[in-house]
Amino acid sequence: MAEKKTADKKPKELATKEVATKSPAARFACNIDAEIASLPTSMQLNDKQREIAAAYFPAIDAAITAAEQRRLSDNEWKSTKNDLPYTWENIDFEPLKLAIINNARLGLDSRISNHISPVMYKSGKTGKYTVTLMRGYVGMALVAKKYALYPITGATIELVYSNDTFQILKKNAEREKDAYLFDINNPFERGELLGGFCYLEFEDSGMNKLIFLSLREILKRKPAYASPEFWGGTKKQKDKKTGKWEESQLEGWLEEMAWKTIARHAFGGKYVEIDPEKVDSAYTAAREDYIDAAYAVVESEAHLNAASVPAELPESVDTPDGEDTDSEEAAPDTEEDDLP
């Protein structure tokens, strides 16, 4: 028996030493596996959720690389330098491990565009970078539908221009549900952007909601430090010929940002009531992580170095984007209705 115990012990010691000699990135991946294995039976991840959790690693790794490139570029012209490199050694592992597990349990997949994106900010408490996982509008819609008290059957989102025809038909004594009239009269000359709407359809059609925002209301939800690559505006760039840094005007993608803002607004808690009987530990923990991160991102100047990796327009540079709420818990520039 003694020989058997010795034989069993040796591989464990070797495994421990092997993990200790791995790179910080590899150690993080091992820690995630160990964390998942230690979960109680009621919280265990199924095979699909484990696959989703594993996919966060390359997404975060790519985000770290992109953020470091941006840090080096910004340090060339910014008067206040960021001297903390974006590396795995400088990432706070502990909160990130739990965030990955909770979001994987929700089904939020970093491989799917606009599901969820890693955003990094420097923590004043730890002196390291905290990675928070910010939901895109597709991820918000997924969670809203999964936890909704009243089943959602569809959603139509449109931008409205000055040459379009748009009429709001609100629910009233003579009309049993919200409705609308919308026609694109000239698809190639739609005129000036005026705003947009989302029409949420429920299993009980009498609950259908028409949610609309003017352009002014959309721009109110623009992040305080919005990236000009996406919202338009000025940005310092190096002239390829002279090598000097100059301010240039970027057109951005205002229409896409407006569309996403409407989608995020519509799938917030203000319009989609959550079923308390469906709420589980993953939902609660992921929501609390988001709110805590929202405070920290807003307060940290380092969030200007945010990086994300979706193939389409990143969400991370524009989150948290702020939605209407009556809650006093919401952080500056962000609101809890931004997360169902």
# chains A, B, ... in the order shown; residues from 1 in each chain; ligands from 1
>>> select_by_dssp(residues="segment 84-331 of chain A", states="helix (DSSP H, G or I)", output="JSON, numbers by chain")
{"A": [88, 89, 90, 93, 94, 95, 96, 97, 98, 99, 100, 101, 102, 103, 104, 105, 106, 137, 138, 139, 140, 141, 142, 143, 144, 145, 146, 147, 205, 206, 207, 215, 216, 217, 218, 219, 220, 228, 229, 230, 231, 254, 255, 256, 257, 258, 259, 260, 261, 262, 263, 264, 265, 266, 281, 282, 283, 284, 285, 286, 287, 288, 289, 290, 291, 292, 293, 294, 295, 296, 297, 298, 299, 301, 302, 303, 304, 305, 316, 317, 318]}
>>> write_last_selection(atoms="C-alpha atoms", output="CSV table (one decimal), in the first residue's frame")
chain,number,residue,atom,x,y,z
A,88,TRP,CA,-0.9,38.4,-18.8
A,89,GLU,CA,1.4,39.1,-15.8
A,90,ASN,CA,-0.4,42.4,-15.3
A,93,PHE,CA,-6.9,36.7,-12.5
A,94,GLU,CA,-9.3,36.1,-9.7
A,95,PRO,CA,-12.4,38.2,-10.6
A,96,LEU,CA,-11.9,37.2,-14.3
A,97,LYS,CA,-12.1,33.4,-13.6
A,98,LEU,CA,-15.5,33.8,-12.0
A,99,ALA,CA,-16.8,36.2,-14.6
A,100,ILE,CA,-15.9,33.7,-17.4
A,101,ILE,CA,-17.7,30.8,-15.6
A,102,ASN,CA,-20.8,32.9,-14.9
A,103,ASN,CA,-21.1,34.3,-18.4
A,104,ALA,CA,-20.4,30.8,-19.9
A,105,ARG,CA,-23.3,29.5,-17.9
A,106,LEU,CA,-25.5,32.3,-19.4
A,137,TYR,CA,-26.6,43.9,-28.0
A,138,VAL,CA,-26.9,40.3,-29.3
A,139,GLY,CA,-25.8,39.0,-25.9
A,140,MET,CA,-28.2,41.3,-24.1
A,141,ALA,CA,-31.1,40.0,-26.3
A,142,LEU,CA,-30.1,36.4,-25.6
A,143,VAL,CA,-30.2,36.9,-21.8
A,144,ALA,CA,-33.3,39.0,-22.0
A,145,LYS,CA,-35.2,36.3,-23.9
A,146,LYS,CA,-33.9,33.5,-21.6
A,147,TYR,CA,-34.9,35.2,-18.4
A,205,SER,CA,-49.4,40.3,-28.7
A,206,GLY,CA,-51.3,42.8,-26.4
A,207,MET,CA,-48.0,43.4,-24.7
A,215,LEU,CA,-31.2,61.2,-32.6
A,216,ARG,CA,-30.7,63.6,-29.6
A,217,GLU,CA,-31.7,60.8,-27.2
A,218,ILE,CA,-29.3,58.4,-29.0
A,219,LEU,CA,-26.4,60.8,-28.7
A,220,LYS,CA,-27.2,61.3,-25.0
A,228,PRO,CA,-14.1,58.5,-32.9
A,229,GLU,CA,-13.5,55.4,-35.1
A,230,PHE,CA,-17.1,54.4,-34.4
A,231,TRP,CA,-19.0,57.5,-33.4
A,254,LEU,CA,-22.9,56.7,-36.6
A,255,GLU,CA,-25.7,54.7,-38.1
A,256,GLU,CA,-24.3,51.4,-36.8
A,257,MET,CA,-23.7,52.9,-33.4
A,258,ALA,CA,-27.3,54.4,-33.3
A,259,TRP,CA,-28.7,51.0,-34.3
A,260,LYS,CA,-26.8,49.2,-31.5
A,261,THR,CA,-27.8,51.9,-29.0
A,262,ILE,CA,-31.5,51.3,-29.8
A,263,ALA,CA,-31.1,47.6,-29.5
A,264,ARG,CA,-29.3,47.8,-26.2
A,265,HIS,CA,-32.0,50.2,-24.9
A,266,ALA,CA,-34.8,48.0,-26.0
A,281,SER,CA,-26.6,32.5,-9.4
A,282,ALA,CA,-25.0,33.0,-12.8
A,283,TYR,CA,-27.5,35.7,-13.7
A,284,THR,CA,-27.1,37.5,-10.4
A,285,ALA,CA,-23.3,37.3,-10.3
A,286,ALA,CA,-22.8,38.4,-13.9
A,287,ARG,CA,-25.1,41.4,-13.3
A,288,GLU,CA,-23.2,42.4,-10.2
A,289,ASP,CA,-19.9,42.1,-12.0
A,290,TYR,CA,-21.2,44.4,-14.7
A,291,ILE,CA,-22.4,47.1,-12.3
A,292,ASP,CA,-19.1,47.0,-10.4
A,293,ALA,CA,-17.1,47.2,-13.6
A,294,ALA,CA,-19.2,50.1,-14.9
A,295,TYR,CA,-18.2,52.2,-11.9
A,296,ALA,CA,-14.6,51.3,-12.3
A,297,VAL,CA,-14.4,51.8,-16.0
A,298,VAL,CA,-16.0,55.3,-15.8
A,299,GLU,CA,-13.6,56.3,-13.0
A,301,GLU,CA,-8.6,57.0,-17.3
A,302,ALA,CA,-7.1,53.8,-18.5
A,303,HIS,CA,-10.4,52.6,-20.0
A,304,LEU,CA,-9.4,54.8,-23.0
A,305,ASN,CA,-7.1,51.9,-23.8
A,316,SER,CA,-16.1,47.4,-25.8
A,317,VAL,CA,-15.0,50.9,-26.8
A,318,ASP,CA,-18.6,52.1,-26.4
>>> residues_around(residues="Gln167 of chain A", least_positions_apart="4", cutoff="8 Å", atoms="only C-alpha atoms", output="list in words")
Tyr180, Leu181 and Phe182 of chain A
>>> write_last_selection(atoms="N, CA and C atoms", output="JSON list (two decimals), in the first residue's frame")
[["chain", "number", "residue", "atom", "x", "y", "z"],
["A", 180, "TYR", "N", -47.19, 50.42, -35.65],
["A", 180, "TYR", "CA", -46.52, 51.53, -36.34],
["A", 180, "TYR", "C", -46.69, 51.36, -37.85],
["A", 181, "LEU", "N", -46.49, 52.44, -38.56],
["A", 181, "LEU", "CA", -46.40, 52.43, -40.02],
["A", 181, "LEU", "C", -45.01, 52.92, -40.39],
["A", 182, "PHE", "N", -44.34, 52.18, -41.25],
["A", 182, "PHE", "CA", -42.97, 52.56, -41.62],
["A", 182, "PHE", "C", -42.72, 52.18, -43.07]]
>>> closest_atom_pairs(of="segment 98-194 of chain A", to="segment 52-61 of chain A", cutoff="8 Å", atoms="only C-alpha atoms", output="JSON lines")
{"residue": "A:Ile100", "atom": "CA", "partner": "A:Ala53", "partner_atom": "CA", "distance": 6.0}
{"residue": "A:Ile101", "atom": "CA", "partner": "A:Ala53", "partner_atom": "CA", "distance": 6.4}
{"residue": "A:Ala104", "atom": "CA", "partner": "A:Ala53", "partner_atom": "CA", "distance": 5.4}
{"residue": "A:Gly107", "atom": "CA", "partner": "A:Ile52", "partner_atom": "CA", "distance": 7.3}
{"residue": "A:Leu108", "atom": "CA", "partner": "A:Ile52", "partner_atom": "CA", "distance": 7.5}
{"residue": "A:Asp109", "atom": "CA", "partner": "A:Ile52", "partner_atom": "CA", "distance": 5.6}
{"residue": "A:Ser110", "atom": "CA", "partner": "A:Tyr56", "partner_atom": "CA", "distance": 6.0}
{"residue": "A:Arg111", "atom": "CA", "partner": "A:Ala55", "partner_atom": "CA", "distance": 6.9}
{"residue": "A:Ser117", "atom": "CA", "partner": "A:Ala59", "partner_atom": "CA", "distance": 7.9}
{"residue": "A:Pro118", "atom": "CA", "partner": "A:Ile60", "partner_atom": "CA", "distance": 6.1}
>>> select_by_dssp(residues="segment 29-148 of chain A", states="strand (DSSP E)", output="list of chain:residue names")
A:Ile116, A:Ser117, A:Pro118, A:Val119, A:Met120, A:Tyr121, A:Lys122, A:Tyr129, A:Thr130, A:Val131, A:Thr132, A:Leu133, A:Met134, A:Arg135
>>> closest_residue(among="A:Asn208, A:Ser248, A:Thr65, A:Thr126", to="Tyr150 of chain A", atoms="only C-alpha atoms")
A:Asn208
>>> closest_residue(among="A:Thr156, A:Asn75, A:Asn172, A:Thr234", to="Gly196 of chain A", atoms="only C-alpha atoms")
A:Thr156
